[in-house]
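Structure data (mmCIF, N, CA, C and O atoms) from my_file.cif:
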```cif
data_entry
loop_
_atom_site.label_atom_id
_atom_site.label_comp_id
_atom_site.auth_asym_id
_atom_site.auth_seq_id
_atom_site.Cartn_x
_atom_site.Cartn_y
_atom_site.Cartn_z
N MET A 1 -0.55 -6.07 3.69
CA MET A 1 -1.66 -5.23 4.02
C MET A 1 -1.60 -3.98 3.13
O MET A 1 -0.62 -3.25 3.13
N ALA A 2 -2.64 -3.74 2.35
CA ALA A 2 -2.69 -2.60 1.43
C ALA A 2 -2.90 -1.30 2.20
O ALA A 2 -3.45 -1.29 3.29
N ALA A 3 -2.42 -0.20 1.59
CA ALA A 3 -2.57 1.12 2.20
C ALA A 3 -2.77 2.15 1.09
O ALA A 3 -2.34 1.95 -0.05
N LYS A 4 -3.38 3.25 1.42
CA LYS A 4 -3.53 4.37 0.51
C LYS A 4 -2.15 5.01 0.35
O LYS A 4 -1.49 5.36 1.33
N VAL A 5 -1.68 5.13 -0.89
CA VAL A 5 -0.34 5.65 -1.18
C VAL A 5 -0.46 6.86 -2.09
O VAL A 5 -1.23 6.84 -3.06
N SER A 6 0.29 7.92 -1.77
CA SER A 6 0.36 9.08 -2.66
C SER A 6 1.80 9.55 -2.75
O SER A 6 2.57 9.44 -1.79
N LEU A 7 2.16 10.05 -3.92
CA LEU A 7 3.48 10.60 -4.17
C LEU A 7 3.30 11.86 -4.98
O LEU A 7 2.88 11.81 -6.15
N ASP A 8 3.55 13.01 -4.36
CA ASP A 8 3.37 14.30 -5.00
C ASP A 8 4.71 15.02 -5.11
O ASP A 8 5.58 14.86 -4.26
N VAL A 9 4.85 15.83 -6.16
CA VAL A 9 6.07 16.60 -6.39
C VAL A 9 5.71 18.08 -6.34
O VAL A 9 4.73 18.51 -6.94
N PHE A 10 6.55 18.86 -5.62
CA PHE A 10 6.32 20.29 -5.44
C PHE A 10 7.53 21.07 -5.92
O PHE A 10 8.66 20.61 -5.78
N ASN A 11 7.29 22.29 -6.46
CA ASN A 11 8.40 23.15 -6.84
C ASN A 11 8.86 23.96 -5.64
O ASN A 11 8.32 23.81 -4.53
N MET A 12 9.82 24.83 -5.83
CA MET A 12 10.38 25.62 -4.73
C MET A 12 9.37 26.62 -4.14
O MET A 12 9.54 27.09 -3.03
N LYS A 13 8.32 26.94 -4.89
CA LYS A 13 7.28 27.84 -4.40
C LYS A 13 6.23 27.11 -3.56
O LYS A 13 5.34 27.73 -3.03
N GLY A 14 6.36 25.78 -3.50
CA GLY A 14 5.38 24.99 -2.76
C GLY A 14 4.17 24.60 -3.57
O GLY A 14 3.21 24.05 -3.04
N GLU A 15 4.22 24.84 -4.88
CA GLU A 15 3.12 24.47 -5.77
C GLU A 15 3.27 23.02 -6.20
O GLU A 15 4.37 22.60 -6.59
N ARG A 16 2.20 22.25 -6.13
CA ARG A 16 2.26 20.86 -6.59
C ARG A 16 2.33 20.86 -8.11
O ARG A 16 1.48 21.44 -8.78
N VAL A 17 3.36 20.22 -8.66
CA VAL A 17 3.55 20.18 -10.10
C VAL A 17 3.24 18.81 -10.68
O VAL A 17 3.10 18.67 -11.89
N ALA A 18 3.13 17.79 -9.83
CA ALA A 18 2.80 16.45 -10.32
C ALA A 18 2.24 15.60 -9.18
O ALA A 18 2.72 15.70 -8.05
N ALA A 19 1.24 14.81 -9.51
CA ALA A 19 0.73 13.79 -8.60
C ALA A 19 1.07 12.46 -9.26
O ALA A 19 0.39 12.01 -10.18
N LEU A 20 2.16 11.84 -8.84
CA LEU A 20 2.68 10.64 -9.51
C LEU A 20 1.92 9.38 -9.12
O LEU A 20 1.77 8.48 -9.93
N VAL A 21 1.50 9.29 -7.88
CA VAL A 21 0.77 8.11 -7.40
C VAL A 21 -0.35 8.59 -6.49
O VAL A 21 -0.14 9.50 -5.69
N ASP A 22 -1.51 7.99 -6.62
CA ASP A 22 -2.64 8.27 -5.73
C ASP A 22 -3.58 7.08 -5.81
O ASP A 22 -4.59 7.12 -6.52
N GLU A 23 -3.22 6.00 -5.10
CA GLU A 23 -4.01 4.77 -5.18
C GLU A 23 -3.71 3.84 -4.01
O GLU A 23 -2.75 4.04 -3.28
N GLU A 24 -4.52 2.86 -3.86
CA GLU A 24 -4.32 1.81 -2.86
C GLU A 24 -3.27 0.84 -3.41
O GLU A 24 -3.36 0.41 -4.56
N GLN A 25 -2.25 0.53 -2.61
CA GLN A 25 -1.19 -0.39 -3.05
C GLN A 25 -0.87 -1.37 -1.94
O GLN A 25 -0.92 -1.03 -0.76
N GLY A 26 -0.52 -2.59 -2.35
CA GLY A 26 -0.09 -3.60 -1.41
C GLY A 26 1.41 -3.53 -1.19
O GLY A 26 2.11 -2.74 -1.83
N PRO A 27 1.93 -4.35 -0.30
CA PRO A 27 3.37 -4.37 -0.05
C PRO A 27 4.15 -4.73 -1.31
O PRO A 27 3.64 -5.45 -2.18
N GLY A 28 5.36 -4.23 -1.43
CA GLY A 28 6.20 -4.55 -2.58
C GLY A 28 7.00 -3.36 -3.02
O GLY A 28 6.98 -2.30 -2.41
N GLU A 29 7.75 -3.54 -4.11
CA GLU A 29 8.57 -2.49 -4.69
C GLU A 29 7.87 -1.93 -5.90
O GLU A 29 7.38 -2.68 -6.74
N TYR A 30 7.86 -0.62 -6.00
CA TYR A 30 7.22 0.06 -7.12
C TYR A 30 8.19 1.10 -7.65
O TYR A 30 9.08 1.56 -6.93
N SER A 31 8.00 1.53 -8.89
CA SER A 31 8.81 2.62 -9.43
C SER A 31 7.92 3.54 -10.25
O SER A 31 6.88 3.11 -10.79
N VAL A 32 8.32 4.79 -10.32
CA VAL A 32 7.60 5.78 -11.09
C VAL A 32 8.61 6.79 -11.60
O VAL A 32 9.65 7.01 -10.96
N SER A 33 8.37 7.38 -12.76
CA SER A 33 9.31 8.34 -13.35
C SER A 33 8.77 9.75 -13.25
O SER A 33 7.57 9.98 -13.32
N PHE A 34 9.67 10.70 -13.10
CA PHE A 34 9.35 12.12 -13.10
C PHE A 34 10.40 12.80 -13.95
O PHE A 34 11.59 12.59 -13.77
N GLY A 35 9.96 13.60 -14.91
CA GLY A 35 10.90 14.30 -15.77
C GLY A 35 10.79 13.79 -17.18
O GLY A 35 9.80 13.18 -17.56
N PRO A 36 11.81 14.03 -17.99
CA PRO A 36 11.78 13.63 -19.40
C PRO A 36 11.55 12.13 -19.54
O PRO A 36 12.17 11.34 -18.84
N GLY A 37 10.62 11.77 -20.39
CA GLY A 37 10.35 10.36 -20.63
C GLY A 37 9.51 9.71 -19.56
O GLY A 37 9.27 8.51 -19.59
N GLY A 38 9.01 10.48 -18.60
CA GLY A 38 8.18 9.93 -17.53
C GLY A 38 6.83 9.50 -18.06
O GLY A 38 6.42 9.88 -19.14
N SER A 39 6.12 8.69 -17.29
CA SER A 39 4.82 8.21 -17.72
C SER A 39 3.84 9.37 -17.79
O SER A 39 3.96 10.34 -17.07
N GLY A 40 2.84 9.26 -18.64
CA GLY A 40 1.91 10.32 -18.98
C GLY A 40 1.07 10.90 -17.87
O GLY A 40 1.51 11.77 -17.13
N ARG A 41 -0.16 10.49 -17.75
CA ARG A 41 -1.15 11.02 -16.81
C ARG A 41 -1.31 12.53 -16.92
O ARG A 41 -1.55 13.22 -15.95
N GLY A 42 -1.14 13.08 -18.12
CA GLY A 42 -1.39 14.49 -18.34
C GLY A 42 -0.35 15.43 -17.75
O GLY A 42 -0.56 16.63 -17.69
N ARG A 43 0.78 14.91 -17.32
CA ARG A 43 1.81 15.77 -16.73
C ARG A 43 2.60 16.48 -17.80
O ARG A 43 2.87 15.93 -18.86
N GLN A 44 2.99 17.70 -17.50
CA GLN A 44 3.82 18.47 -18.40
C GLN A 44 5.27 18.34 -17.96
O GLN A 44 5.55 18.16 -16.78
N ALA A 45 6.17 18.45 -18.93
CA ALA A 45 7.60 18.39 -18.61
C ALA A 45 7.96 19.57 -17.72
O ALA A 45 7.49 20.69 -17.92
N GLN A 46 8.78 19.35 -16.72
CA GLN A 46 9.20 20.39 -15.79
C GLN A 46 10.64 20.79 -16.10
O GLN A 46 11.44 19.98 -16.55
N PRO A 47 10.98 22.05 -15.84
CA PRO A 47 12.36 22.48 -16.06
C PRO A 47 13.30 21.87 -15.03
O PRO A 47 12.88 21.47 -13.95
N ALA A 48 14.57 21.82 -15.38
CA ALA A 48 15.58 21.34 -14.43
C ALA A 48 15.56 22.23 -13.20
O ALA A 48 15.28 23.42 -13.28
N GLY A 49 15.82 21.64 -12.05
CA GLY A 49 15.83 22.43 -10.82
C GLY A 49 15.64 21.56 -9.60
O GLY A 49 15.69 20.33 -9.66
N ILE A 50 15.40 22.21 -8.47
CA ILE A 50 15.21 21.52 -7.20
C ILE A 50 13.71 21.37 -6.94
O ILE A 50 12.95 22.33 -7.10
N TYR A 51 13.31 20.19 -6.56
CA TYR A 51 11.92 19.87 -6.26
C TYR A 51 11.86 19.14 -4.92
O TYR A 51 12.87 18.65 -4.43
N PHE A 52 10.68 19.06 -4.37
CA PHE A 52 10.45 18.28 -3.17
C PHE A 52 9.39 17.24 -3.48
O PHE A 52 8.46 17.52 -4.24
N TYR A 53 9.56 16.05 -2.95
CA TYR A 53 8.51 15.05 -3.11
C TYR A 53 8.02 14.63 -1.74
O TYR A 53 8.77 14.55 -0.78
N ARG A 54 6.70 14.40 -1.67
CA ARG A 54 6.08 13.95 -0.43
C ARG A 54 5.46 12.59 -0.68
O ARG A 54 4.63 12.43 -1.57
N PHE A 55 5.90 11.62 0.10
CA PHE A 55 5.42 10.23 0.00
C PHE A 55 4.55 9.95 1.22
O PHE A 55 4.96 10.21 2.35
N ARG A 56 3.37 9.44 0.98
CA ARG A 56 2.47 9.04 2.06
C ARG A 56 2.00 7.62 1.82
O ARG A 56 1.60 7.26 0.71
N ALA A 57 2.05 6.82 2.86
CA ALA A 57 1.55 5.44 2.81
C ALA A 57 0.90 5.16 4.16
O ALA A 57 1.61 5.04 5.17
N GLY A 58 -0.42 5.11 4.18
CA GLY A 58 -1.12 4.94 5.44
C GLY A 58 -0.82 6.12 6.35
O GLY A 58 -0.98 7.27 5.97
N ALA A 59 -0.32 5.85 7.57
CA ALA A 59 -0.01 6.91 8.54
C ALA A 59 1.40 7.47 8.35
O ALA A 59 1.76 8.46 8.98
N TYR A 60 2.22 6.85 7.49
CA TYR A 60 3.61 7.28 7.29
C TYR A 60 3.67 8.42 6.27
O TYR A 60 3.02 8.36 5.22
N THR A 61 4.44 9.45 6.56
CA THR A 61 4.67 10.57 5.63
C THR A 61 6.14 10.93 5.65
O THR A 61 6.76 11.02 6.71
N ALA A 62 6.72 11.15 4.46
CA ALA A 62 8.11 11.59 4.34
C ALA A 62 8.20 12.62 3.22
O ALA A 62 7.57 12.47 2.17
N THR A 63 8.99 13.67 3.45
CA THR A 63 9.24 14.70 2.44
C THR A 63 10.74 14.82 2.25
O THR A 63 11.49 14.91 3.23
N HIS A 64 11.17 14.81 0.98
CA HIS A 64 12.60 14.90 0.66
C HIS A 64 12.82 15.81 -0.52
O HIS A 64 11.90 16.05 -1.32
N ARG A 65 14.05 16.28 -0.65
CA ARG A 65 14.44 17.14 -1.77
C ARG A 65 15.04 16.28 -2.87
O ARG A 65 15.67 15.26 -2.63
N MET A 66 14.83 16.71 -4.12
CA MET A 66 15.47 16.03 -5.25
C MET A 66 15.87 17.06 -6.30
O MET A 66 15.34 18.18 -6.31
N VAL A 67 16.80 16.70 -7.14
CA VAL A 67 17.28 17.57 -8.20
C VAL A 67 16.93 16.93 -9.53
O VAL A 67 17.26 15.76 -9.76
N LEU A 68 16.27 17.67 -10.40
CA LEU A 68 15.95 17.20 -11.74
C LEU A 68 16.97 17.81 -12.68
O LEU A 68 17.08 19.05 -12.79
N MET A 69 17.77 16.96 -13.33
CA MET A 69 18.77 17.43 -14.28
C MET A 69 18.38 16.94 -15.67
O MET A 69 17.90 15.83 -15.82
N LYS A 70 18.58 17.78 -16.64
CA LYS A 70 18.26 17.40 -18.02
C LYS A 70 19.50 17.42 -18.86
O LYS A 70 20.46 18.03 -18.57
#
```
Can I see the file as structure tokens?
Amino acid sequence: MAAKVSLDVFNMKGERVAALVDEEQGPGEYSVSFGPGGSGRGRQAQPAGIYFYRFRAGAYTATHRMVLMK
């Protein structure tokens, strides 16, 4: 069953710095890159540091911390 999926990345100020996914997706495993060598979509390289990502799929929402190291 497909669901609307979004994956956004925020800096420590709470500003969204990247929208990695924003589309309807079916069940399965997916991958996406953030940081050096990541896929395009007009994103700018971000400095090393702590970020938060928010994953939404249908009614499910999860927010976690991540560290970008260069």
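Closest approach to A:Arg65 from the set A:Asp22, A:Tyr53, A:Ala45, A:Lys4 is made by A:Tyr53, with distances taken over all atoms listed in the file.
Using all atoms listed in the file, the shortest contact distance between A:Val67 and any of A:Gln25, A:Ala3, A:Pro47, A:Val17 is found at A:Pro47.
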- Item | Straight-line distance linking atom O of A:Ala59 with atom N of A:Gly14, stated in Å to one decimal | 21.8 Å
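Of the residues under consideration (A:Phe34, A:Lys70, A:Gly49, A:Gly26), A:Gly49 shows the shortest atom-to-atom contact distance to A:Met12 when counting only N, CA, C and O atoms.
With only N, CA, C and O atoms as the basis for measurement, A:Met1 is the residue among A:Met1, A:Ala48, A:Lys13, A:Ser6 that approaches A:Gly28 most closely.
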- Task: Could you give me, as a ChimeraX atom specification, the residues within 7 Å of A:Val9, counting all atoms listed in the file and dropping anything in the same chain fewer than 4 positions from it?
- Result: /A:14-20,51-54
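Comparing A:Leu7, A:Met69, A:Val32, A:Ala62 by their smallest distance to A:Ile50, the closest is A:Met69 (using only C-alpha atoms).
Taking only C-alpha atoms into account, A:Ala57 lies nearest to A:Glu24 out of the set A:Glu24, A:Gln44, A:Tyr30, A:Phe10.
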- Message: Among chain A, which residues does DSSP mark as strand (DSSP E) when it is run on the backbone? Keep the chain and numbering as in the structure and answer as a PyMOL selection string.
- Response: chain A and resi 3-10+16-25+49-57+60-68
Could I get stretch 58-69 of chain A rebuilt with all heavy atoms, written as an mmCIF file, keeping the file's coordinate frame?
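Everything below was put into rebuild-v2.cif:
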```cif
data_model
loop_
_atom_site.group_PDB
_atom_site.id
_atom_site.type_symbol
_atom_site.label_atom_id
_atom_site.label_comp_id
_atom_site.auth_asym_id
_atom_site.auth_seq_id
_atom_site.Cartn_x
_atom_site.Cartn_y
_atom_site.Cartn_z
ATOM 1 N N GLY A 58 -0.420 5.110 4.180
ATOM 2 C CA GLY A 58 -1.120 4.940 5.440
ATOM 3 C C GLY A 58 -0.820 6.120 6.350
ATOM 4 O O GLY A 58 -0.980 7.270 5.970
ATOM 5 N N ALA A 59 -0.320 5.850 7.570
ATOM 6 C CA ALA A 59 -0.010 6.910 8.540
ATOM 7 C C ALA A 59 1.400 7.470 8.350
ATOM 8 O O ALA A 59 1.760 8.460 8.980
ATOM 9 C CB ALA A 59 -0.165 6.366 9.961
ATOM 10 N N TYR A 60 2.220 6.850 7.490
ATOM 11 C CA TYR A 60 3.610 7.280 7.290
ATOM 12 C C TYR A 60 3.670 8.420 6.270
ATOM 13 O O TYR A 60 3.020 8.360 5.220
ATOM 14 C CB TYR A 60 4.443 6.099 6.773
ATOM 15 C CG TYR A 60 5.863 6.461 6.443
ATOM 16 C CD1 TYR A 60 6.812 6.587 7.439
ATOM 17 C CD2 TYR A 60 6.253 6.674 5.137
ATOM 18 C CE1 TYR A 60 8.131 6.914 7.149
ATOM 19 C CE2 TYR A 60 7.556 7.003 4.821
ATOM 20 C CZ TYR A 60 8.488 7.123 5.834
ATOM 21 O OH TYR A 60 9.786 7.460 5.533
ATOM 22 N N THR A 61 4.440 9.450 6.560
ATOM 23 C CA THR A 61 4.670 10.570 5.630
ATOM 24 C C THR A 61 6.140 10.930 5.650
ATOM 25 O O THR A 61 6.760 11.020 6.710
ATOM 26 C CB THR A 61 3.853 11.811 6.045
ATOM 27 O OG1 THR A 61 2.472 11.479 6.054
ATOM 28 C CG2 THR A 61 4.080 12.962 5.087
ATOM 29 N N ALA A 62 6.720 11.150 4.460
ATOM 30 C CA ALA A 62 8.110 11.590 4.340
ATOM 31 C C ALA A 62 8.200 12.620 3.220
ATOM 32 O O ALA A 62 7.570 12.470 2.170
ATOM 33 C CB ALA A 62 9.026 10.416 4.043
ATOM 34 N N THR A 63 8.990 13.670 3.450
ATOM 35 C CA THR A 63 9.240 14.700 2.440
ATOM 36 C C THR A 63 10.740 14.820 2.250
ATOM 37 O O THR A 63 11.490 14.910 3.230
ATOM 38 C CB THR A 63 8.647 16.059 2.881
ATOM 39 O OG1 THR A 63 7.254 15.893 3.125
ATOM 40 C CG2 THR A 63 8.859 17.107 1.811
ATOM 41 N N HIS A 64 11.170 14.810 0.980
ATOM 42 C CA HIS A 64 12.600 14.900 0.660
ATOM 43 C C HIS A 64 12.820 15.810 -0.520
ATOM 44 O O HIS A 64 11.900 16.050 -1.320
ATOM 45 C CB HIS A 64 13.178 13.512 0.351
ATOM 46 C CG HIS A 64 13.155 12.591 1.515
ATOM 47 N ND1 HIS A 64 14.103 12.622 2.510
ATOM 48 C CD2 HIS A 64 12.282 11.624 1.867
ATOM 49 C CE1 HIS A 64 13.818 11.701 3.414
ATOM 50 N NE2 HIS A 64 12.702 11.083 3.053
ATOM 51 N N ARG A 65 14.050 16.280 -0.650
ATOM 52 C CA ARG A 65 14.440 17.140 -1.770
ATOM 53 C C ARG A 65 15.040 16.280 -2.870
ATOM 54 O O ARG A 65 15.670 15.260 -2.630
ATOM 55 C CB ARG A 65 15.483 18.132 -1.259
ATOM 56 C CG ARG A 65 15.925 19.136 -2.291
ATOM 57 C CD ARG A 65 16.921 20.084 -1.713
ATOM 58 N NE ARG A 65 18.019 19.300 -1.131
ATOM 59 C CZ ARG A 65 19.017 19.822 -0.454
ATOM 60 N NH1 ARG A 65 19.078 21.098 -0.243
ATOM 61 N NH2 ARG A 65 19.976 19.051 0.020
ATOM 62 N N MET A 66 14.830 16.710 -4.120
ATOM 63 C CA MET A 66 15.470 16.030 -5.250
ATOM 64 C C MET A 66 15.870 17.060 -6.300
ATOM 65 O O MET A 66 15.340 18.180 -6.310
ATOM 66 C CB MET A 66 14.534 14.989 -5.874
ATOM 67 C CG MET A 66 13.343 15.519 -6.573
ATOM 68 S SD MET A 66 12.415 14.179 -7.319
ATOM 69 C CE MET A 66 11.025 15.081 -7.937
ATOM 70 N N VAL A 67 16.800 16.700 -7.140
ATOM 71 C CA VAL A 67 17.280 17.570 -8.200
ATOM 72 C C VAL A 67 16.930 16.930 -9.530
ATOM 73 O O VAL A 67 17.260 15.760 -9.760
ATOM 74 C CB VAL A 67 18.813 17.790 -8.101
ATOM 75 C CG1 VAL A 67 19.301 18.639 -9.265
ATOM 76 C CG2 VAL A 67 19.173 18.420 -6.769
ATOM 77 N N LEU A 68 16.270 17.670 -10.400
ATOM 78 C CA LEU A 68 15.950 17.200 -11.740
ATOM 79 C C LEU A 68 16.970 17.810 -12.680
ATOM 80 O O LEU A 68 17.080 19.050 -12.790
ATOM 81 C CB LEU A 68 14.537 17.617 -12.144
ATOM 82 C CG LEU A 68 14.122 17.271 -13.573
ATOM 83 C CD1 LEU A 68 14.113 15.745 -13.766
ATOM 84 C CD2 LEU A 68 12.757 17.845 -13.888
ATOM 85 N N MET A 69 17.770 16.960 -13.330
ATOM 86 C CA MET A 69 18.770 17.430 -14.280
ATOM 87 C C MET A 69 18.380 16.940 -15.670
ATOM 88 O O MET A 69 17.900 15.830 -15.820
ATOM 89 C CB MET A 69 20.153 16.892 -13.904
ATOM 90 C CG MET A 69 20.601 17.357 -12.554
ATOM 91 S SD MET A 69 22.303 16.959 -12.104
ATOM 92 C CE MET A 69 22.441 15.244 -12.455
#
```
